[in-house]
file coords-v1.txt (compact mmCIF, C-alpha atoms)
# COMPACT_ATOMS: atom_id res chain seq x y z
CA MET A 135 0.00 0.00 0.00
CA GLY A 136 2.90 2.29 -0.57
CA SER A 137 5.36 3.59 1.97
CA ALA A 138 4.36 3.58 5.62
CA ASN A 139 5.20 6.87 7.33
CA GLY A 140 6.46 6.70 10.90
CA LEU A 141 6.37 2.91 11.30
CA ILE A 142 9.15 0.98 12.99
CA ASP A 143 10.71 -1.13 10.26
CA ALA A 144 11.30 -4.40 12.02
CA GLU A 145 10.42 -8.04 11.71
CA ARG A 146 6.97 -8.73 13.08
CA LYS A 147 5.07 -11.78 14.13
CA GLN A 148 1.81 -12.49 12.33
CA PRO A 149 -1.12 -10.33 13.44
CA LEU A 150 -4.24 -11.84 14.97
CA PHE A 151 -6.16 -10.20 12.12
CA SER A 152 -6.25 -7.08 9.98
CA PHE A 153 -8.99 -4.76 8.74
CA GLY A 154 -9.46 -1.84 6.36
CA LEU A 155 -10.59 1.66 7.32
CA ILE A 156 -11.70 4.88 5.69
CA SER A 157 -13.67 7.95 6.79
CA ASP A 158 -15.61 10.91 5.43
CA VAL A 159 -15.98 9.90 1.80
CA GLN A 160 -18.81 12.48 1.50
CA TYR A 161 -19.38 11.80 -2.18
CA ALA A 162 -21.76 13.96 -4.20
CA ASP A 163 -22.13 14.42 -7.94
CA ILE A 164 -21.52 18.17 -7.70
CA PRO A 165 -18.58 20.48 -8.50
CA ASP A 166 -15.74 20.79 -6.02
CA GLY A 167 -16.25 23.20 -3.13
CA ARG A 168 -14.82 24.29 0.19
CA SER A 169 -15.56 23.78 3.87
CA PHE A 170 -16.66 26.65 6.12
CA LEU A 171 -12.94 27.01 6.93
CA GLY A 172 -12.05 27.29 3.24
CA VAL A 173 -10.51 23.83 2.87
CA PRO A 174 -11.03 22.39 -0.64
CA ARG A 175 -13.45 19.46 -0.95
CA TYR A 176 -13.37 17.11 -3.93
CA TYR A 177 -16.88 15.67 -4.04
CA ARG A 178 -16.67 13.65 -7.25
CA HIS A 179 -13.11 12.43 -6.70
CA SER A 180 -13.90 10.82 -3.34
CA ILE A 181 -15.63 7.85 -4.96
CA LEU A 182 -12.38 7.14 -6.82
CA VAL A 183 -10.52 7.17 -3.50
CA LEU A 184 -13.02 4.62 -2.19
CA GLN A 185 -12.69 2.46 -5.30
CA ARG A 186 -8.90 2.40 -4.97
CA ALA A 187 -9.27 1.60 -1.27
CA VAL A 188 -11.51 -1.40 -1.97
CA LYS A 189 -9.08 -2.63 -4.62
CA HIS A 190 -6.20 -2.41 -2.12
CA TRP A 191 -8.18 -4.13 0.62
CA ASN A 192 -9.12 -6.98 -1.72
CA THR A 193 -5.52 -7.36 -2.85
CA ASN A 194 -4.69 -8.29 0.76
CA LYS A 195 -6.81 -11.43 1.09
CA ASN A 196 -6.41 -11.52 4.86
CA HIS A 197 -8.44 -8.45 5.86
CA LYS A 198 -11.25 -9.69 8.08
CA PHE A 199 -13.55 -6.67 7.59
CA VAL A 200 -13.70 -2.96 6.75
CA ILE A 201 -14.95 -0.08 8.92
CA ASN A 202 -16.35 3.10 7.38
CA PHE A 203 -16.18 5.80 10.06
CA GLY A 204 -19.11 7.81 8.75
CA ASP A 205 -20.31 10.51 6.34
CA ILE A 206 -20.85 8.29 3.33
CA VAL A 207 -22.31 11.14 1.22
CA ASP A 208 -22.16 14.92 1.55
CA GLY A 209 -24.86 17.22 2.87
CA TYR A 210 -24.77 19.19 -0.40
CA CYS A 211 -25.92 16.13 -2.33
CA PRO A 212 -29.20 17.09 -4.07
CA LYS A 213 -31.93 15.69 -1.83
CA ASP A 214 -33.80 14.03 -4.69
CA GLN A 215 -30.60 12.00 -5.21
CA SER A 216 -29.91 11.18 -1.56
CA PHE A 217 -31.26 7.62 -1.53
CA SER A 218 -29.69 6.62 -4.85
CA THR A 219 -26.35 8.25 -3.94
CA VAL A 220 -26.12 6.52 -0.56
CA LYS A 221 -26.99 3.24 -2.29
CA LYS A 222 -24.34 3.90 -4.94
CA ILE A 223 -21.60 4.34 -2.32
CA VAL A 224 -22.81 1.38 -0.26
CA ASN A 225 -22.54 -0.72 -3.42
CA GLU A 226 -18.92 0.43 -3.83
CA PHE A 227 -18.17 -0.66 -0.26
CA GLU A 228 -19.82 -4.00 -0.94
CA MET A 229 -17.25 -4.72 -3.63
CA PHE A 230 -15.01 -5.57 -0.67
CA ASN A 231 -14.74 -9.32 -0.20
CA GLY A 232 -15.95 -9.39 3.38
CA PRO A 233 -18.13 -7.63 5.97
CA VAL A 234 -18.33 -3.81 6.03
CA TYR A 235 -19.32 -2.01 9.24
CA HIS A 236 -20.72 1.50 8.89
CA LEU A 237 -20.89 4.38 11.38
CA VAL A 238 -23.52 7.10 11.07
CA GLY A 239 -22.25 10.65 10.53
CA ASN A 240 -23.96 14.03 10.35
CA HIS A 241 -23.78 14.19 6.55
CA CYS A 242 -25.52 10.81 6.32
CA LEU A 243 -28.36 12.22 8.42
CA TYR A 244 -28.60 15.43 6.36
CA ASN A 245 -29.53 13.17 3.45
CA LEU A 246 -31.79 10.51 4.91
CA PRO A 247 -33.76 9.92 8.10
CA ARG A 248 -32.61 7.00 10.23
CA SER A 249 -35.57 4.91 9.12
CA LYS A 250 -34.23 4.90 5.55
CA LEU A 251 -30.50 5.22 6.25
CA LEU A 252 -29.90 2.35 8.67
CA PRO A 253 -31.35 -0.39 6.43
CA LEU A 254 -29.20 0.86 3.53
CA LEU A 255 -26.11 0.68 5.77
CA LYS A 256 -27.23 -2.76 6.98
CA ILE A 257 -27.09 -1.57 10.60
CA LYS A 258 -29.30 -3.96 12.54
CA SER A 259 -30.88 -1.54 14.95
CA PHE A 260 -33.52 -1.50 17.61
CA GLY A 261 -35.55 1.69 17.85
CA SER A 262 -33.43 3.25 15.04
CA HIS A 263 -30.31 3.28 17.22
CA ALA A 264 -26.99 2.88 15.41
CA TYR A 265 -24.78 1.55 18.20
CA TYR A 266 -23.58 -2.04 18.24
CA ASP A 267 -20.55 -4.22 18.93
CA PHE A 268 -18.83 -7.19 17.35
CA SER A 269 -15.96 -9.52 18.20
CA PRO A 270 -13.90 -10.62 15.17
CA VAL A 271 -11.67 -12.85 17.31
CA PRO A 272 -12.02 -13.93 20.97
CA GLU A 273 -9.27 -11.52 22.08
CA TYR A 274 -10.85 -8.32 20.73
CA ARG A 275 -14.16 -6.46 20.70
CA PHE A 276 -15.11 -3.45 18.58
CA VAL A 277 -17.70 -1.09 20.04
CA VAL A 278 -19.48 1.24 17.61
CA LEU A 279 -21.05 4.29 19.25
CA ASP A 280 -23.97 6.26 17.87
CA GLY A 281 -22.70 9.81 18.33
CA TYR A 282 -25.96 11.27 16.98
CA ASP A 283 -28.09 9.42 19.51
CA ILE A 284 -29.04 12.83 20.96
CA SER A 285 -29.17 15.04 17.88
CA ALA A 286 -31.17 17.72 16.12
CA ILE A 287 -30.68 15.86 12.82
CA GLY A 288 -31.84 12.43 11.71
CA TRP A 289 -34.77 11.97 14.09
CA PRO A 290 -38.32 13.21 13.38
CA GLN A 291 -38.76 16.86 14.37
CA ASP A 292 -41.08 15.98 17.24
CA HIS A 293 -38.99 13.05 18.49
CA PRO A 294 -37.93 13.26 22.17
CA LYS A 295 -34.26 13.00 21.14
CA THR A 296 -34.63 15.94 18.74
CA LEU A 297 -36.35 18.02 21.41
CA GLU A 298 -33.67 17.12 23.98
CA ALA A 299 -30.93 18.12 21.53
CA LEU A 300 -32.57 21.44 20.65
CA LYS A 301 -33.03 22.27 24.34
CA PHE A 302 -29.38 21.40 24.96
CA LEU A 303 -28.22 23.64 22.09
CA ARG A 304 -30.35 26.56 23.30
CA GLU A 305 -28.69 26.30 26.69
CA LYS A 306 -25.14 25.89 25.38
CA ASN A 307 -25.03 27.99 22.19
CA PRO A 308 -26.48 31.54 22.19
CA ASN A 309 -26.21 32.00 18.40
CA ASN A 310 -29.28 31.94 16.17
CA ASP A 311 -27.29 29.69 13.84
CA LYS A 312 -26.59 26.68 16.03
CA ASN A 313 -23.80 25.58 13.67
CA SER A 314 -21.90 28.77 14.50
CA PRO A 315 -19.30 28.75 17.30
CA THR A 316 -19.14 32.56 17.43
CA GLY A 317 -18.60 33.70 21.02
CA LEU A 318 -18.00 30.17 22.30
CA VAL A 319 -14.61 29.66 23.95
CA GLY A 320 -12.36 26.62 24.07
CA LEU A 321 -14.17 23.35 24.59
CA GLU A 322 -17.53 25.17 24.47
CA ARG A 323 -17.04 25.35 20.70
CA ARG A 324 -18.21 21.72 20.38
CA PHE A 325 -21.82 22.72 21.13
CA LEU A 326 -22.85 22.89 17.48
CA MET A 327 -25.79 21.36 15.63
CA PHE A 328 -23.55 19.27 13.36
CA ASN A 329 -22.32 17.40 16.45
CA GLY A 330 -24.34 15.23 18.81
CA GLY A 331 -24.27 13.25 22.02
CA VAL A 332 -24.56 9.76 23.51
CA GLY A 333 -27.78 9.30 25.47
CA LYS A 334 -28.42 7.64 28.84
CA GLU A 335 -29.64 4.33 27.43
CA GLN A 336 -26.58 4.02 25.20
CA MET A 337 -24.31 4.87 28.14
CA GLU A 338 -25.87 2.02 30.12
CA TRP A 339 -25.40 -0.30 27.14
CA LEU A 340 -21.74 0.76 26.81
CA ASN A 341 -21.14 0.11 30.49
CA GLY A 342 -22.57 -3.39 30.12
CA VAL A 343 -20.46 -4.13 27.03
CA LEU A 344 -17.27 -3.01 28.79
CA GLN A 345 -18.15 -5.11 31.85
CA GLU A 346 -18.57 -8.16 29.63
CA ALA A 347 -15.36 -7.46 27.71
CA THR A 348 -13.49 -7.19 31.01
CA LYS A 349 -14.82 -10.58 32.15
CA LEU A 350 -13.80 -12.14 28.83
CA GLU A 351 -10.36 -10.46 29.02
CA GLN A 352 -10.93 -8.77 25.67
CA LYS A 353 -9.17 -5.68 24.39
CA VAL A 354 -11.64 -3.06 23.14
CA VAL A 355 -11.52 -0.61 20.23
CA ILE A 356 -14.10 2.20 20.46
CA CYS A 357 -15.40 3.58 17.14
CA CYS A 358 -17.28 6.89 17.00
CA HIS A 359 -17.77 9.32 14.11
CA MET A 360 -16.93 12.24 16.41
CA PRO A 361 -13.62 12.37 18.30
CA LEU A 362 -13.50 11.71 22.05
CA ASP A 363 -10.30 13.55 23.01
CA PRO A 364 -9.62 17.29 22.58
CA VAL A 365 -5.88 16.78 22.10
CA ALA A 366 -6.52 14.67 18.98
CA SER A 367 -9.24 16.91 17.57
CA SER A 368 -10.43 20.44 16.94
CA ASN A 369 -12.78 21.60 19.69
CA GLU A 370 -15.50 22.14 17.07
CA ALA A 371 -15.55 18.43 16.12
CA LEU A 372 -15.86 16.82 19.57
CA LEU A 373 -18.80 14.74 20.76
CA TRP A 374 -21.00 16.94 22.97
CA ASN A 375 -20.54 14.68 26.02
CA TYR A 376 -17.13 13.25 25.15
CA ASP A 377 -16.07 13.88 28.75
CA GLU A 378 -18.93 11.82 30.18
CA VAL A 379 -18.23 8.99 27.73
CA MET A 380 -14.51 8.98 28.50
CA ASN A 381 -15.15 9.08 32.26
CA LEU A 382 -17.06 5.83 31.82
CA ILE A 383 -14.43 4.31 29.53
CA HIS A 384 -11.65 5.24 31.96
CA ARG A 385 -13.26 3.02 34.60
CA TYR A 386 -12.11 0.04 32.54
CA SER A 387 -8.63 -1.07 31.52
CA CYS A 388 -9.92 -3.08 28.54
CA VAL A 389 -10.24 -0.08 26.17
CA LYS A 390 -7.02 0.46 24.23
CA LEU A 391 -7.93 2.64 21.26
CA CYS A 392 -10.63 5.10 20.16
CA VAL A 393 -10.92 5.75 16.40
CA SER A 394 -13.03 8.46 14.76
CA GLY A 395 -13.47 10.67 11.71
CA HIS A 396 -15.38 13.99 11.39
CA ASP A 397 -12.34 16.25 11.96
CA HIS A 398 -11.01 15.96 8.42
CA LYS A 399 -7.40 16.95 9.05
CA GLY A 400 -6.85 13.92 11.29
CA GLY A 401 -5.14 13.68 14.65
CA TYR A 402 -3.58 11.50 17.34
CA SER A 403 -3.17 11.57 21.10
CA VAL A 404 -2.68 9.39 24.16
CA ASP A 405 -4.89 10.40 27.08
CA SER A 406 -4.19 10.42 30.82
CA HIS A 407 -5.21 6.74 31.15
CA GLY A 408 -3.00 5.53 28.31
CA ILE A 409 -5.85 5.17 25.79
CA HIS A 410 -4.84 6.07 22.23
CA HIS A 411 -7.07 8.31 20.10
CA ARG A 412 -6.76 8.32 16.30
CA VAL A 413 -8.79 10.69 14.13
CA LEU A 414 -8.69 9.60 10.47
CA GLU A 415 -7.90 11.94 7.61
CA ALA A 416 -10.87 12.46 5.26
CA ALA A 417 -11.16 10.84 1.83
CA LEU A 418 -13.17 13.91 0.74
CA GLU A 419 -10.17 16.25 0.95
CA CYS A 420 -7.93 14.30 -1.45
CA PRO A 421 -7.09 16.18 -4.67
CA ALA A 422 -7.16 14.17 -7.89
CA GLY A 423 -4.76 11.23 -7.80
CA THR A 424 -4.26 11.29 -4.02
CA ASP A 425 -5.76 9.02 -1.36
CA ALA A 426 -6.70 8.72 2.31
CA PHE A 427 -7.44 5.20 3.50
CA GLY A 428 -5.60 2.45 5.28
CA TYR A 429 -5.58 -0.85 7.05
CA ALA A 430 -4.67 -1.99 10.54
CA GLU A 431 -2.83 -5.07 11.72
CA VAL A 432 -3.94 -6.15 15.19
CA PHE A 433 -1.61 -7.85 17.67
CA ASP A 434 -1.82 -8.73 21.35
CA ASP A 435 0.22 -5.69 22.38
CA ARG A 436 -0.42 -3.16 19.62
CA ILE A 437 -2.35 -2.10 16.55
CA SER A 438 -0.28 -0.97 13.57
CA LEU A 439 -2.08 1.41 11.22
CA TYR A 440 -0.74 1.57 7.68
CA GLY A 441 -1.96 4.64 5.86
CA THR A 442 -1.99 5.45 2.16
CA GLY A 443 -1.57 9.01 0.90
CA ARG A 444 -2.90 11.60 3.35
CA MET A 445 -3.66 8.98 6.00
CA LEU A 446 -0.67 8.79 8.32
CA SER A 447 0.70 5.49 9.60
CA LYS A 448 1.16 4.79 13.29
CA ASP A 449 2.31 2.00 15.60
CA ILE A 450 -0.01 2.06 18.60
CA TYR A 451 1.49 0.21 21.57
CA PHE A 452 -0.79 -0.50 24.51
CA GLN A 453 0.02 0.19 28.13
CA SER A 454 -0.05 -3.14 29.96
CA SER A 455 -1.92 -1.98 33.06
CA PRO A 456 -3.14 1.64 33.17
CA ASP A 457 -3.42 3.11 36.65
CA LEU A 458 -7.16 3.44 37.32
CA SER A 459 -6.77 4.69 40.88

call {"tool": "encode", "arguments": {"input": "coords-v1.txt", "output": "structure tokens"}}
result
Amino acid sequence: MGSANGLIDAERKQPLFSFGLISDVQYADIPDGRSFLGVPRYYRHSILVLQRAVKHWNTNKNHKFVINFGDIVDGYCPKDQSFSTVKKIVNEFEMFNGPVYHLVGNHCLYNLPRSKLLPLLKIKSFGSHAYYDFSPVPEYRFVVLDGYDISAIGWPQDHPKTLEALKFLREKNPNNDKNSPTGLVGLERRFLMFNGGVGKEQMEWLNGVLQEATKLEQKVVICCHMPLDPVASSNEALLWNYDEVMNLIHRYSCVKLCVSGHDHKGGYSVDSHGIHHRVLEAALECPAGTDAFGYAEVFDDRISLYGTGRMLSKDIYFQSSPDLS
């Protein structure tokens, strides 16, 4: 997959398994544009990035699955094309010779309500929730969070979760435009409508999953479209209640890595409890002929991420026993 930036070049034992990853494809059949920060976005090229990614993943016959970290199509996609465009990109993912796990992002929800989106993404949900977990091998568990559980987008306008989100935004963001961070300082700048939060029921579910993983002596990878650590991410991209979620996660030593998208420039950090946070560079922001995707090799003591193009590579070594006192 090309040169691996920043990896230790040494002989390695065979991984337990490997998997592909990509984030923020945000395809739309529209001319190129720019983000609200002025960063170029290549809407039509992103499907080519995805196609090259699938080809690379299939070339390595050993990848057990692929994870898409959200935002499968862009919010500027013409709404009369939303369903067909999401289906088009899902079909590209399904060219991979194995399971594909999708996360829900804000741009997905700009296009389709959950009732239509989740079946297309083959997310087996209860009550239109998009959180779930899976265990590809006995030693590991992947936990997919629904970061738009409490959100002003994706739910019906009169849904309790929509009303809770709008009330929250009124309290936290004084601007008429709730996507504007004007006047918000520091970590307050995450209180924007294009972000969301994890609700009480999901928190209880997460606690139960981490309890079970601890009993089974599994290592856990947390997947969330929005980042969970402010050192790895812009303040404007953080999950509304990232602190509450991480306080729960920090009660357990089983969680080793949190992976997300949303903040297109990418990022990396290690938090106070030794948990690694990796924010993936966006496929959307690749100029013609460039890429942003990768794959990860998973070992007992580390996960090695091999990036292509804009996606940086990283050896992620786990702390053996974080101090939880």

call {"tool": "axis_aligned_box", "arguments": {"input": "coords-v1.txt", "around": "segment 297-307 of chain A", "padding_each_side": "5 Å", "output": "lines of an AutoDock Vina configuration file"}}
result
center_x = -30.7
center_y = 22.6
center_z = 23.7
size_x = 21.3
size_y = 20.9
size_z = 16.0

call {"tool": "closest_atom_pairs", "arguments": {"input": "coords-v1.txt", "of": "segment 323-378 of chain A", "to": "segment 409-424 of chain A", "cutoff": "8 Å", "atoms": "only C-alpha atoms", "output": "Markdown table"}}
result
| residue | atom | partner | partner_atom | distance |
| --- | --- | --- | --- | --- |
| A:Pro361 | CA | A:Val413 | CA | 6.6 |
| A:Leu362 | CA | A:His411 | CA | 7.5 |
| A:Asp363 | CA | A:His411 | CA | 6.8 |
| A:Ala366 | CA | A:His411 | CA | 6.5 |
| A:Ser367 | CA | A:Val413 | CA | 7.1 |

call {"tool": "closest_residue", "arguments": {"input": "coords-v1.txt", "among": "A:Ile450, A:Leu279, A:Ala426, A:Val354", "to": "Val404 of chain A", "atoms": "only C-alpha atoms"}}
result
A:Ile450

call {"tool": "atom_distance", "arguments": {"input": "coords-v1.txt", "atom1": "atom CA of Ser285 of chain A", "atom2": "atom CA of Gly331 of chain A"}}
result
6.7 Å

call {"tool": "residues_around", "arguments": {"input": "coords-v1.txt", "residues": "segment 436-445 of chain A", "least_positions_apart": "5", "cutoff": "6 Å", "atoms": "all atoms listed in the file", "output": "PyMOL selection string"}}
result
chain A and resi 138+415+425-431+450-452

call {"tool": "closest_residue", "arguments": {"input": "coords-v1.txt", "among": "A:Ser218, A:Pro364, A:Leu252, A:Tyr265", "to": "Glu335 of chain A", "atoms": "all atoms listed in the file"}}
result
A:Tyr265

call {"tool": "atom_distance", "arguments": {"input": "coords-v1.txt", "atom1": "atom CA of Phe203 of chain A", "atom2": "atom CA of Gly239 of chain A"}}
result
7.8 Å

call {"tool": "residues_around", "arguments": {"input": "coords-v1.txt", "residues": "Tyr210 of chain A", "least_positions_apart": "2", "cutoff": "12 Å", "atoms": "all atoms listed in the file", "output": "ChimeraX atom specification"}}
result
/A:160-169,175,177-178,205,207-208,212-216,219,240-245

call {"tool": "write_last_selection", "arguments": {"input": "coords-v1.txt", "atoms": "C-alpha atoms", "output": "PDB file, keeping the file's coordinate frame"}}
result
ATOM      1  CA  GLN A 160     -18.810  12.480   1.500  1.00  0.00           C
ATOM      2  CA  TYR A 161     -19.380  11.800  -2.180  1.00  0.00           C
ATOM      3  CA  ALA A 162     -21.760  13.960  -4.200  1.00  0.00           C
ATOM      4  CA  ASP A 163     -22.130  14.420  -7.940  1.00  0.00           C
ATOM      5  CA  ILE A 164     -21.520  18.170  -7.700  1.00  0.00           C
ATOM      6  CA  PRO A 165     -18.580  20.480  -8.500  1.00  0.00           C
ATOM      7  CA  ASP A 166     -15.740  20.790  -6.020  1.00  0.00           C
ATOM      8  CA  GLY A 167     -16.250  23.200  -3.130  1.00  0.00           C
ATOM      9  CA  ARG A 168     -14.820  24.290   0.190  1.00  0.00           C
ATOM     10  CA  SER A 169     -15.560  23.780   3.870  1.00  0.00           C
ATOM     11  CA  ARG A 175     -13.450  19.460  -0.950  1.00  0.00           C
ATOM     12  CA  TYR A 177     -16.880  15.670  -4.040  1.00  0.00           C
ATOM     13  CA  ARG A 178     -16.670  13.650  -7.250  1.00  0.00           C
ATOM     14  CA  ASP A 205     -20.310  10.510   6.340  1.00  0.00           C
ATOM     15  CA  VAL A 207     -22.310  11.140   1.220  1.00  0.00           C
ATOM     16  CA  ASP A 208     -22.160  14.920   1.550  1.00  0.00           C
ATOM     17  CA  PRO A 212     -29.200  17.090  -4.070  1.00  0.00           C
ATOM     18  CA  LYS A 213     -31.930  15.690  -1.830  1.00  0.00           C
ATOM     19  CA  ASP A 214     -33.800  14.030  -4.690  1.00  0.00           C
ATOM     20  CA  GLN A 215     -30.600  12.000  -5.210  1.00  0.00           C
ATOM     21  CA  SER A 216     -29.910  11.180  -1.560  1.00  0.00           C
ATOM     22  CA  THR A 219     -26.350   8.250  -3.940  1.00  0.00           C
ATOM     23  CA  ASN A 240     -23.960  14.030  10.350  1.00  0.00           C
ATOM     24  CA  HIS A 241     -23.780  14.190   6.550  1.00  0.00           C
ATOM     25  CA  CYS A 242     -25.520  10.810   6.320  1.00  0.00           C
ATOM     26  CA  LEU A 243     -28.360  12.220   8.420  1.00  0.00           C
ATOM     27  CA  TYR A 244     -28.600  15.430   6.360  1.00  0.00           C
ATOM     28  CA  ASN A 245     -29.530  13.170   3.450  1.00  0.00           C
TER      29      ASN A 245
END

call {"tool": "residues_near_point", "arguments": {"input": "coords-v1.txt", "point": "(-10.2, 4.9, 11.6)", "cutoff": "6 Å", "atoms": "only C-alpha atoms", "output": "ChimeraX atom specification"}}
result
/A:155,393-394,414

call {"tool": "residues_near_point", "arguments": {"input": "coords-v1.txt", "point": "(-23.2, 7.8, 25.8)", "cutoff": "8 Å", "atoms": "all atoms listed in the file", "output": "PyMOL selection string"}}
result
chain A and resi 279+281+331-338+340+375+378-379

call {"tool": "closest_residue", "arguments": {"input": "coords-v1.txt", "among": "A:Lys256, A:His236, A:Lys349, A:Arg385", "to": "Val278 of chain A", "atoms": "only C-alpha atoms"}}
result
A:His236

call {"tool": "closest_residue", "arguments": {"input": "coords-v1.txt", "among": "A:Gly154, A:His197, A:Tyr282, A:Met327", "to": "Lys301 of chain A", "atoms": "only C-alpha atoms"}}
result
A:Met327

call {"tool": "atom_distance", "arguments": {"input": "coords-v1.txt", "atom1": "atom CA of Glu298 of chain A", "atom2": "atom CA of Lys312 of chain A"}}
result
14.3 Å

call {"tool": "residues_around", "arguments": {"input": "coords-v1.txt", "residues": "Glu370 of chain A", "least_positions_apart": "2", "cutoff": "10 Å", "atoms": "all atoms listed in the file", "output": "number ranges by chain"}}
result
A: 313-315, 318, 320-326, 328-329, 364, 367-368, 372-374, 396-397

call {"tool": "closest_residue", "arguments": {"input": "coords-v1.txt", "among": "A:Glu305, A:Val355, A:Leu171, A:Val277", "to": "Gly342 of chain A", "atoms": "all atoms listed in the file"}}
result
A:Val277

call {"tool": "closest_residue", "arguments": {"input": "coords-v1.txt", "among": "A:Phe227, A:Phe153, A:Phe217, A:Phe260", "to": "Gln185 of chain A", "atoms": "all atoms listed in the file"}}
result
A:Phe227
